[in-house]
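Chemist: Next comes the structure file start.csv, holding CSV, C-alpha atoms.
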chain,number,residue,atom,x,y,z
A,122,MET,CA,-37.0,31.7,24.9
A,123,GLU,CA,-40.4,30.9,26.4
A,124,ARG,CA,-41.5,34.5,25.7
A,125,ALA,CA,-40.3,34.2,22.0
A,126,ARG,CA,-42.3,30.9,21.7
A,127,LYS,CA,-45.4,32.6,23.0
A,128,TRP,CA,-44.9,35.4,20.4
A,129,VAL,CA,-44.4,32.8,17.6
A,130,GLN,CA,-47.6,31.0,18.7
A,131,GLY,CA,-49.5,34.3,18.7
A,132,VAL,CA,-48.2,35.2,15.2
A,133,TRP,CA,-49.4,31.8,13.9
A,134,LEU,CA,-52.7,32.2,15.5
A,135,VAL,CA,-53.2,35.5,13.8
A,136,LEU,CA,-51.8,34.3,10.4
A,137,ALA,CA,-54.1,31.3,10.4
A,138,ASN,CA,-57.1,33.4,11.5
A,139,GLY,CA,-56.5,36.7,9.7
A,140,TYR,CA,-59.9,37.3,8.1
A,141,TRP,CA,-61.4,39.9,10.4
A,142,ALA,CA,-64.1,41.1,8.1
A,143,PHE,CA,-66.4,38.2,9.2
A,144,PRO,CA,-68.5,40.3,11.6
A,145,TRP,CA,-69.7,42.3,8.6
A,146,THR,CA,-69.8,39.5,5.9
A,147,LYS,CA,-71.4,37.1,8.4
A,148,THR,CA,-69.6,34.2,6.7
A,149,ILE,CA,-66.3,32.5,6.3
A,150,TYR,CA,-63.3,33.6,4.2
A,151,LYS,CA,-63.5,32.3,0.7
A,152,GLY,CA,-60.4,33.6,-0.9
A,153,PRO,CA,-57.5,31.7,-2.7
A,154,MET,CA,-55.3,31.5,0.5
A,155,LYS,CA,-57.5,28.7,1.7
A,156,VAL,CA,-55.5,26.3,-0.5
A,157,ILE,CA,-52.6,26.7,1.9
A,158,CYS,CA,-52.4,24.0,4.6
A,159,SER,CA,-52.5,25.1,8.2
A,160,PRO,CA,-49.6,23.5,10.1
A,161,GLY,CA,-51.6,23.2,13.3
A,162,LEU,CA,-55.1,22.2,14.2
A,163,ASN,CA,-57.2,25.2,13.0
A,164,CYS,CA,-60.8,24.7,11.8
A,165,TYR,CA,-61.4,26.0,8.3
A,166,SER,CA,-65.0,26.6,8.9
A,167,CYS,CA,-63.9,29.2,11.4
A,168,PRO,CA,-65.2,32.6,10.1
A,169,ALA,CA,-61.7,34.1,10.5
A,170,ALA,CA,-59.7,31.1,9.1
A,171,THR,CA,-57.5,31.9,6.1
A,172,VAL,CA,-56.0,28.4,5.6
A,173,PHE,CA,-57.4,24.9,5.4
A,174,CYS,CA,-57.3,22.4,8.3
A,175,PRO,CA,-55.4,19.2,7.1
A,176,MET,CA,-57.5,16.9,9.3
A,177,GLY,CA,-60.8,18.3,8.0
A,178,ALA,CA,-59.7,18.3,4.4
A,179,LEU,CA,-58.3,14.8,4.6
A,180,GLN,CA,-61.6,13.4,6.0
A,181,GLN,CA,-63.6,15.3,3.3
A,182,LEU,CA,-61.4,13.8,0.5
A,183,LEU,CA,-61.6,10.3,2.0
A,184,LEU,CA,-65.4,10.3,2.6
A,185,ASN,CA,-65.9,11.4,-1.0
A,186,VAL,CA,-63.4,9.0,-2.5
A,187,ARG,CA,-66.0,6.7,-4.1
A,188,SER,CA,-68.0,9.5,-5.8
A,189,SER,CA,-64.8,11.2,-7.0
A,190,ILE,CA,-63.6,7.9,-8.6
A,191,ALA,CA,-67.0,7.5,-10.2
A,192,PHE,CA,-66.4,10.9,-11.8
A,193,GLY,CA,-62.9,10.0,-13.0
A,194,GLN,CA,-61.2,12.1,-10.3
A,195,TYR,CA,-58.7,10.4,-8.0
A,196,TYR,CA,-58.8,12.5,-4.9
A,197,PHE,CA,-57.4,10.3,-2.1
A,198,GLY,CA,-55.7,13.0,0.0
A,199,ALA,CA,-52.2,13.0,-1.7
A,200,PHE,CA,-52.0,16.8,-1.6
A,201,VAL,CA,-53.0,17.1,2.1
A,202,LEU,CA,-50.8,14.2,3.2
A,203,GLY,CA,-47.9,15.6,1.1
A,204,SER,CA,-48.4,19.0,2.8
A,205,ILE,CA,-48.4,17.8,6.4
A,206,GLY,CA,-45.9,15.1,5.6
A,207,MET,CA,-43.3,17.7,4.4
A,208,MET,CA,-44.0,19.8,7.5
A,209,GLY,CA,-43.7,16.7,9.7
A,210,ALA,CA,-40.4,15.6,8.0
A,211,VAL,CA,-38.9,19.0,8.7
A,212,PHE,CA,-40.4,20.1,12.0
A,213,GLY,CA,-42.2,17.1,13.6
A,214,ARG,CA,-43.9,18.2,16.8
A,215,PHE,CA,-42.1,21.5,16.8
A,216,ILE,CA,-45.4,22.5,15.1
A,217,CYS,CA,-47.4,21.4,18.2
A,218,GLY,CA,-45.2,23.5,20.5
A,219,TRP,CA,-44.7,26.6,18.3
A,220,ALA,CA,-47.5,26.9,15.7
A,221,CYS,CA,-50.7,25.2,16.8
A,222,PRO,CA,-53.5,27.7,17.8
A,223,PHE,CA,-55.3,25.0,19.8
A,224,GLY,CA,-52.1,24.1,21.7
A,225,PHE,CA,-51.6,27.8,22.5
A,226,PHE,CA,-55.1,28.0,23.8
A,227,GLN,CA,-54.5,25.1,26.1
A,228,GLU,CA,-51.2,26.5,27.3
A,229,LEU,CA,-52.9,29.8,28.3
A,230,LEU,CA,-55.6,28.0,30.2
A,231,HIS,CA,-53.0,26.0,32.1
A,232,LYS,CA,-51.5,29.2,33.4
A,233,LEU,CA,-54.7,29.8,35.5
A,234,PRO,CA,-53.8,29.1,39.1
A,235,SER,CA,-55.0,25.7,40.3
A,236,ARG,CA,-53.8,22.4,41.5
A,237,LYS,CA,-52.1,20.5,38.6
A,238,PHE,CA,-52.5,16.9,37.8
A,239,PRO,CA,-50.5,14.5,35.5
A,240,ILE,CA,-52.1,12.7,32.6
A,241,PRO,CA,-52.1,8.8,32.7
A,242,ASN,CA,-49.5,7.6,30.2
A,243,LEU,CA,-51.9,5.0,28.8
A,244,LEU,CA,-54.2,7.8,27.4
A,245,ARG,CA,-51.6,8.9,24.9
A,246,TRP,CA,-52.5,5.9,22.7
A,247,LEU,CA,-56.0,7.3,22.2
A,248,LYS,CA,-54.8,9.9,19.7
A,249,TYR,CA,-53.3,7.2,17.4
A,250,PHE,CA,-56.7,5.4,17.6
A,251,ILE,CA,-58.4,8.6,16.6
A,252,LEU,CA,-56.1,9.3,13.7
A,253,LEU,CA,-56.4,5.7,12.4
A,254,PHE,CA,-60.1,5.2,12.9
A,255,LEU,CA,-61.9,8.5,13.1
A,256,VAL,CA,-59.8,10.4,10.5
A,257,ILE,CA,-58.8,7.7,8.0
A,258,LEU,CA,-60.7,4.4,8.2
A,259,PHE,CA,-64.3,5.3,9.3
A,260,PRO,CA,-64.7,8.2,6.7
A,261,LEU,CA,-63.4,5.8,4.1
A,262,ILE,CA,-65.3,2.6,5.1
A,263,VAL,CA,-68.5,3.5,6.9
A,264,VAL,CA,-70.7,4.9,4.1
A,265,ASN,CA,-74.4,5.6,3.6
A,266,ASP,CA,-76.7,4.4,0.9
A,267,VAL,CA,-75.1,6.6,-1.8
A,268,GLY,CA,-71.6,5.5,-0.9
A,269,MET,CA,-70.7,8.6,1.1
A,270,GLY,CA,-68.9,8.6,4.5
A,271,SER,CA,-68.8,11.1,7.4
A,272,PRO,CA,-66.0,13.2,8.8
A,273,TRP,CA,-66.1,11.4,12.1
A,274,PHE,CA,-63.5,13.4,13.9
A,275,CYS,CA,-64.9,16.8,12.9
A,276,LYS,CA,-68.5,15.7,13.4
A,277,TYR,CA,-68.2,14.0,16.8
A,278,VAL,CA,-65.0,15.1,18.5
A,279,CYS,CA,-63.0,18.2,17.4
A,280,PRO,CA,-63.2,20.8,20.1
A,281,ALA,CA,-61.3,23.3,17.9
A,282,GLY,CA,-64.2,23.1,15.4
A,283,THR,CA,-66.7,23.8,18.2
A,284,PHE,CA,-65.0,26.8,19.5
A,285,GLN,CA,-63.7,28.2,16.2
A,286,ALA,CA,-66.7,27.4,13.9
A,287,GLY,CA,-69.7,26.0,15.7
A,288,ILE,CA,-70.2,28.7,18.3
A,289,PRO,CA,-69.2,31.7,16.1
A,290,MET,CA,-71.4,30.5,13.2
A,291,LEU,CA,-74.4,30.2,15.6
A,292,LEU,CA,-73.7,33.8,16.7
A,293,LEU,CA,-73.2,35.1,13.2
A,294,GLN,CA,-76.2,33.3,11.6
A,295,PRO,CA,-79.1,33.1,14.1
A,296,GLU,CA,-81.2,31.0,11.7
A,297,LEU,CA,-78.8,28.1,12.3
A,298,ARG,CA,-79.8,27.9,15.9
A,299,ALA,CA,-82.9,25.9,15.0
A,300,ALA,CA,-80.6,23.1,13.7
A,301,VAL,CA,-78.8,22.7,17.0
A,302,GLY,CA,-79.3,19.1,18.3
A,303,TRP,CA,-77.7,16.4,20.3
A,304,LEU,CA,-74.7,16.4,18.0
A,305,PHE,CA,-73.8,20.0,18.9
A,306,ILE,CA,-74.5,19.3,22.6
A,307,ASN,CA,-72.2,16.3,22.5
A,308,LYS,CA,-69.4,18.3,20.9
A,309,LEU,CA,-69.9,21.2,23.3
A,310,ILE,CA,-69.5,18.8,26.3
A,311,ILE,CA,-66.3,17.5,24.8
A,312,ALA,CA,-65.0,21.0,24.1
A,313,ILE,CA,-65.8,22.2,27.6
A,314,SER,CA,-64.3,19.1,29.1
A,315,PHE,CA,-61.0,19.7,27.4
A,316,THR,CA,-61.1,23.3,28.3
A,317,VAL,CA,-61.6,22.5,32.0
A,318,TRP,CA,-59.0,19.7,31.8
A,319,SER,CA,-56.5,22.2,30.3
A,320,VAL,CA,-56.6,24.2,33.5
A,321,PHE,CA,-55.6,21.2,35.6
A,322,SER,CA,-53.4,19.3,33.2
A,323,SER,CA,-51.0,20.5,30.6
A,324,ARG,CA,-52.2,20.2,27.0
A,325,PRO,CA,-54.6,17.3,27.5
A,326,PHE,CA,-56.0,17.4,24.0
A,327,CYS,CA,-52.6,17.4,22.3
A,328,ARG,CA,-51.5,14.5,24.5
A,329,THR,CA,-54.6,12.3,24.3
A,330,ALA,CA,-56.8,13.1,21.3
A,331,CYS,CA,-55.2,15.2,18.6
A,332,PRO,CA,-54.9,13.2,15.4
A,333,LEU,CA,-52.6,15.9,13.8
A,334,GLY,CA,-50.3,15.6,16.8
A,335,ALA,CA,-50.3,11.9,16.4
A,336,PHE,CA,-49.3,12.2,12.8
A,337,TYR,CA,-46.4,14.6,13.6
A,338,ALA,CA,-45.4,12.3,16.4
A,339,LEU,CA,-44.6,9.5,13.9
A,340,PHE,CA,-41.7,11.7,12.7
A,341,ALA,CA,-40.1,12.0,16.1
A,342,HIS,CA,-37.1,9.8,15.3
A,343,TRP,CA,-36.5,11.2,11.8
A,344,GLN,CA,-37.5,14.8,11.7
A,345,LEU,CA,-34.9,17.1,10.2
A,346,ILE,CA,-34.8,19.6,13.1
A,347,ARG,CA,-34.9,18.0,16.6
A,348,LEU,CA,-33.5,18.3,20.1
A,349,GLN,CA,-30.4,16.3,20.8
A,350,LEU,CA,-29.1,14.8,24.0
A,351,ASN,CA,-25.4,15.0,24.6
A,352,LYS,CA,-24.9,11.9,26.8
A,353,GLU,CA,-21.4,12.9,27.8
A,354,ASN,CA,-22.6,16.0,29.5
A,355,CYS,CA,-25.8,14.6,31.0
A,356,THR,CA,-25.7,13.9,34.7
A,357,ASN,CA,-29.2,12.4,34.9
A,358,CYS,CA,-30.1,15.1,37.4
A,359,GLY,CA,-33.7,15.1,36.3
A,360,ALA,CA,-34.0,18.9,36.0
A,361,CYS,CA,-35.5,18.4,32.5
A,362,HIS,CA,-38.3,16.3,33.9
A,363,LYS,CA,-39.5,19.1,36.1
A,364,VAL,CA,-40.0,21.8,33.4
A,365,CYS,CA,-41.4,19.5,30.7
A,366,PRO,CA,-45.1,20.4,29.9
A,367,VAL,CA,-45.8,17.0,28.6
A,368,ASP,CA,-44.0,14.9,31.2
A,369,VAL,CA,-41.2,13.7,28.9
A,370,LYS,CA,-38.1,12.4,30.6
A,371,PHE,CA,-35.7,13.8,28.0
A,372,ASN,CA,-32.5,12.2,29.3
A,373,GLU,CA,-34.2,8.8,29.0
A,374,THR,CA,-36.2,9.3,25.8
A,375,PRO,CA,-34.7,12.2,23.8
A,376,ALA,CA,-36.7,11.3,20.7
A,377,SER,CA,-40.0,10.8,22.5
A,378,CYS,CA,-43.2,11.0,20.4
A,379,GLU,CA,-44.8,13.0,23.1
A,380,CYS,CA,-42.2,15.8,23.1
A,381,VAL,CA,-43.7,19.0,21.6
A,382,ASN,CA,-40.2,20.5,21.2
A,383,CYS,CA,-40.9,23.6,23.3
A,384,MET,CA,-37.2,23.6,24.3
A,385,ARG,CA,-37.9,24.5,27.9
A,386,CYS,CA,-35.6,21.6,29.0
A,387,MET,CA,-32.8,23.1,27.0
A,388,THR,CA,-33.2,26.8,27.9
A,389,GLU,CA,-34.7,26.7,31.4
A,390,ALA,CA,-33.5,23.5,33.0
A,391,CYS,CA,-30.3,21.9,31.8
A,392,ALA,CA,-27.3,23.4,33.6
A,393,PHE,CA,-24.8,20.9,32.1
A,394,ASP,CA,-25.1,21.8,28.4
A,395,ALA,CA,-26.5,18.4,27.6
A,396,ILE,CA,-29.3,19.5,25.2
A,397,SER,CA,-29.0,21.2,21.8
A,398,VAL,CA,-31.0,21.7,18.6
A,399,GLU,CA,-29.7,19.8,15.6
A,400,VAL,CA,-30.5,19.9,11.9
A,401,ALA,CA,-29.9,16.5,10.1
A,402,GLY,CA,-27.2,15.8,12.7
A,403,PHE,CA,-25.5,19.2,12.8
A,404,PRO,CA,-26.0,21.3,16.0
A,405,VAL,CA,-27.3,24.7,15.2
A,406,PHE,CA,-28.5,26.0,18.5
A,407,GLY,CA,-27.2,25.3,22.0
A,408,PRO,CA,-24.0,24.3,23.7
A,409,ASP,CA,-22.8,21.9,20.9
A,410,VAL,CA,-22.6,24.5,18.2
A,411,GLY,CA,-19.0,24.8,17.0
A,412,LYS,CA,-17.9,21.7,18.8
A,413,THR,CA,-18.6,19.3,15.9
A,414,ARG,CA,-17.2,18.8,12.5
A,415,SER,CA,-19.0,17.3,9.6
A,416,PRO,CA,-17.2,15.1,7.0
A,417,LEU,CA,-17.9,17.8,4.4
A,418,ILE,CA,-16.6,20.7,6.5
A,419,SER,CA,-13.6,18.8,7.8
A,420,GLY,CA,-12.7,17.8,4.2
A,421,VAL,CA,-12.8,21.4,3.1
A,422,LEU,CA,-10.9,22.7,6.2
A,423,GLY,CA,-8.3,20.0,5.7
A,424,ARG,CA,-7.7,21.1,2.1
A,425,ILE,CA,-7.4,24.7,3.1
A,426,ARG,CA,-4.9,23.8,5.8
A,427,ARG,CA,-2.8,21.7,3.5
A,428,ARG,CA,-2.4,24.5,1.0
A,429,LYS,CA,0.9,26.4,1.1
A,430,PRO,CA,1.0,30.0,2.3
A,431,ALA,CA,2.0,31.1,-1.3
A,432,ASP,CA,-1.2,29.6,-2.6
A,433,MET,CA,-3.2,31.7,-0.2
A,434,ASN,CA,-1.8,35.0,-1.5
A,435,PRO,CA,-4.7,37.2,-2.4
A,436,ASN,CA,-2.6,39.2,-4.8
A,437,PRO,CA,-0.7,36.8,-7.1
B,90,MET,CA,-11.9,18.4,21.1
B,91,ARG,CA,-14.1,18.5,18.0
B,92,LYS,CA,-16.6,15.6,17.5
B,93,LYS,CA,-17.1,14.1,14.1
B,94,ILE,CA,-20.8,13.8,13.2
B,95,LYS,CA,-22.8,12.0,10.6
B,96,LEU,CA,-25.4,13.5,8.3
B,97,ARG,CA,-28.9,11.9,9.0
B,98,ARG,CA,-30.4,11.0,5.6
B,99,MET,CA,-33.8,9.8,6.7
B,100,PRO,CA,-35.3,13.3,7.0
B,101,PHE,CA,-34.4,14.0,3.4
B,102,ILE,CA,-35.8,10.7,2.2
B,103,LEU,CA,-39.1,11.5,4.0
B,104,LEU,CA,-39.1,15.0,2.6
B,105,VAL,CA,-38.7,13.8,-1.0
B,106,PHE,CA,-41.3,11.1,-0.5
B,107,PHE,CA,-43.9,13.6,0.8
B,108,LEU,CA,-42.9,16.2,-1.8
B,109,LEU,CA,-43.6,13.6,-4.5
B,110,LEU,CA,-46.9,12.8,-2.8
B,111,TRP,CA,-47.7,16.5,-2.8
B,112,VAL,CA,-46.8,16.7,-6.5
B,113,VAL,CA,-49.1,13.7,-7.3
B,114,GLY,CA,-51.9,15.5,-5.4
B,115,VAL,CA,-51.3,18.7,-7.4
B,116,THR,CA,-51.2,16.7,-10.7
B,117,LEU,CA,-54.6,15.2,-9.8
B,118,ASN,CA,-56.0,18.6,-9.3
B,119,GLU,CA,-56.7,18.0,-5.6
B,120,PRO,CA,-55.9,21.6,-4.5
B,121,SER,CA,-59.0,22.9,-6.4
B,122,ARG,CA,-61.2,20.3,-4.6
B,123,VAL,CA,-59.6,21.2,-1.2
B,124,LEU,CA,-60.2,24.9,-2.0
B,125,GLU,CA,-63.8,24.2,-2.9
B,126,GLN,CA,-64.4,22.3,0.4
B,127,ALA,CA,-62.6,25.0,2.4
B,128,LYS,CA,-64.9,27.7,0.9
B,129,THR,CA,-68.0,25.8,2.0
B,130,ILE,CA,-69.3,25.6,5.6
B,131,CYS,CA,-70.1,21.9,6.3
B,132,LEU,CA,-72.7,22.3,9.1
B,133,SER,CA,-72.7,18.7,10.1
B,134,CYS,CA,-68.9,18.8,10.3
B,135,ILE,CA,-69.1,21.5,13.0
B,136,GLY,CA,-71.8,19.8,14.9
B,137,ILE,CA,-74.8,21.7,13.6
B,138,GLY,CA,-77.6,19.9,11.8
Produce structure tokens that represent the structure in this file.
Modeler:
Amino acid sequence: MERARKWVQGVWLVLANGYWAFPWTKTIYKGPMKVICSPGLNCYSCPAATVFCPMGALQQLLLNVRSSIAFGQYYFGAFVLGSIGMMGAVFGRFICGWACPFGFFQELLHKLPSRKFPIPNLLRWLKYFILLFLVILFPLIVVNDVGMGSPWFCKYVCPAGTFQAGIPMLLLQPELRAAVGWLFINKLIIAISFTVWSVFSSRPFCRTACPLGAFYALFAHWQLIRLQLNKENCTNCGACHKVCPVDVKFNETPASCECVNCMRCMTEACAFDAISVEVAGFPVFGPDVGKTRSPLISGVLGRIRRRKPADMNPNP
Amino acid sequence: MRKKIKLRRMPFILLVFFLLLWVVGVTLNEPSRVLEQAKTICLSCIGIG
């Protein structure tokens, strides 16, 4: 399963960054596919990016909201929020575990041999602060003389933007190098810090600073597809704790906002068939499949069983 | 023994809500604005300038 997940992550990385003509064009992809929302964090100023980043697009719409209203256009981010909201309602943080290029990057770094360290639990709240203030409120409220805000998260924090767009654009367009200042140095330090931290701790950016992860985490209790704990089978042996890349104790908090739904607890750890994947309450993958009966299915089965053998004759 | 399970409705409510929000965005012509932004390199957004 872990190998399949790596393949899925690789496929998403390639799909979201499939414009490979940039070394010749020296610029970003400008085609119609850029109206499609990237499920994971993937900078749309990356020369290879074929889709838009929901966090970048949301900030751009919010910082421009005053001028758009002045021109009679009401761009407040409904399209972007609708796009990521639908993905969140169906998959939640499965996207973090299976489709985020920056999460994949951190996972690969964490495979480098080194001593590993846990991340303090308190730091997980930082990502919600970043989502609320740097992505939503500051672009909307902190404005300049002409009523325009700034994309605070992209401008001051986003390490994906530095690696995917900042550095490649400086390489592709040498004339931009003169414009490099403290802002870029600051972002470079943040990006390098998260890179080094990823070697020693698992997915530090996802767990402490990713606003998109924070948004998807809000769906943890209600997402359509999710992991389910079968308490009758669980022995509280703690095997699921040991394999979890984000230090979730699945038997204690099965709908944890921190869980990236990598499914390692189910496929690699649990020996008691206590974890399964369910869709809207119905097990679809794992040990519980076939052991449950929905009201709809039981009603249909009941009717079939009540019918007389003569009624079942295929050749009347 | 087979367990009887209950359909969770909340995911569908959320899905419909965000689908409506998405439709509102499309109606307001937001995708064209998003596309316009996505085709432009915002240098200060990527830490340059």
Chemist: Pick out the closest residue to B:Leu117 from this set: A:Trp343, A:Asn354, A:Gly193, A:Leu253. Count only C-alpha atoms.
Modeler: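 Closest residue, counting only C-alpha atoms: A:Gly193.
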Chemist: Residues of chain B that have any atom at most 7 Å from an atom of chain A: could you tabulate them with the shortest-distance atom pair and the distance in Å to one decimal, using only C-alpha atoms, ordered by chain and increasing number, as CSV?
Modeler:
residue,atom,partner,partner_atom,distance
B:Arg91,CA,A:Thr413,CA,5.0
B:Lys92,CA,A:Thr413,CA,4.5
B:Lys93,CA,A:Arg414,CA,5.0
B:Ile94,CA,A:Ser415,CA,5.3
B:Lys95,CA,A:Gly402,CA,6.2
B:Leu96,CA,A:Gly402,CA,5.3
B:Arg97,CA,A:Ala401,CA,4.8
B:Met99,CA,A:Trp343,CA,5.9
B:Pro100,CA,A:Leu345,CA,5.0
B:Leu103,CA,A:Ala210,CA,5.9
B:Leu104,CA,A:Met207,CA,5.3
B:Phe107,CA,A:Gly203,CA,4.5
B:Leu108,CA,A:Gly203,CA,5.8
B:Leu110,CA,A:Gly203,CA,4.9
B:Trp111,CA,A:Gly203,CA,4.0
B:Val113,CA,A:Ala199,CA,6.4
B:Gly114,CA,A:Phe200,CA,4.0
B:Val115,CA,A:Phe200,CA,6.1
B:Leu117,CA,A:Tyr195,CA,6.6
B:Glu119,CA,A:Tyr196,CA,5.9
B:Pro120,CA,A:Val156,CA,6.2
B:Val123,CA,A:Ala178,CA,6.3
B:Leu124,CA,A:Val156,CA,5.1
B:Ala127,CA,A:Phe173,CA,6.0
B:Lys128,CA,A:Lys151,CA,4.8
B:Ile130,CA,A:Ser166,CA,5.5
B:Ser133,CA,A:Lys276,CA,6.1
B:Cys134,CA,A:Lys276,CA,4.4
B:Ile135,CA,A:Gly287,CA,5.3
B:Gly136,CA,A:Phe305,CA,4.5
B:Ile137,CA,A:Val301,CA,5.3
B:Gly138,CA,A:Ala300,CA,4.8
Chemist: Do a neighbour search on A:Ala395 at 8 Å with only C-alpha atoms, toss out local chain neighbours closer than 3 positions, and write the hits as a PyMOL selection string.
Modeler: chain A and resi 350-355+387+391-392+408
Chemist: Now that the selection is made, can you save its residues with C-alpha atoms as a PDB file, in the frame of the given file?
Modeler:
ATOM      1  CA  LEU A 350     -29.100  14.800  24.000  1.00  0.00           C
ATOM      2  CA  ASN A 351     -25.400  15.000  24.600  1.00  0.00           C
ATOM      3  CA  LYS A 352     -24.900  11.900  26.800  1.00  0.00           C
ATOM      4  CA  GLU A 353     -21.400  12.900  27.800  1.00  0.00           C
ATOM      5  CA  ASN A 354     -22.600  16.000  29.500  1.00  0.00           C
ATOM      6  CA  CYS A 355     -25.800  14.600  31.000  1.00  0.00           C
ATOM      7  CA  MET A 387     -32.800  23.100  27.000  1.00  0.00           C
ATOM      8  CA  CYS A 391     -30.300  21.900  31.800  1.00  0.00           C
ATOM      9  CA  ALA A 392     -27.300  23.400  33.600  1.00  0.00           C
ATOM     10  CA  PRO A 408     -24.000  24.300  23.700  1.00  0.00           C
TER      11      PRO A 408
END
Chemist: Please report the interatomic distance between atom CA of A:Phe215 and atom CA of A:Ala360 in Å with one decimal.
Modeler: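 Spanning atom CA of A:Phe215 to atom CA of A:Ala360 is a straight-line distance of 21.0 Å.
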Chemist: Quick check, in Å to one decimal: how far apart do atom CA of A:Gly224 and atom CA of A:Gln349 lie?
Modeler: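 These two atoms are separated by 23.1 Å.
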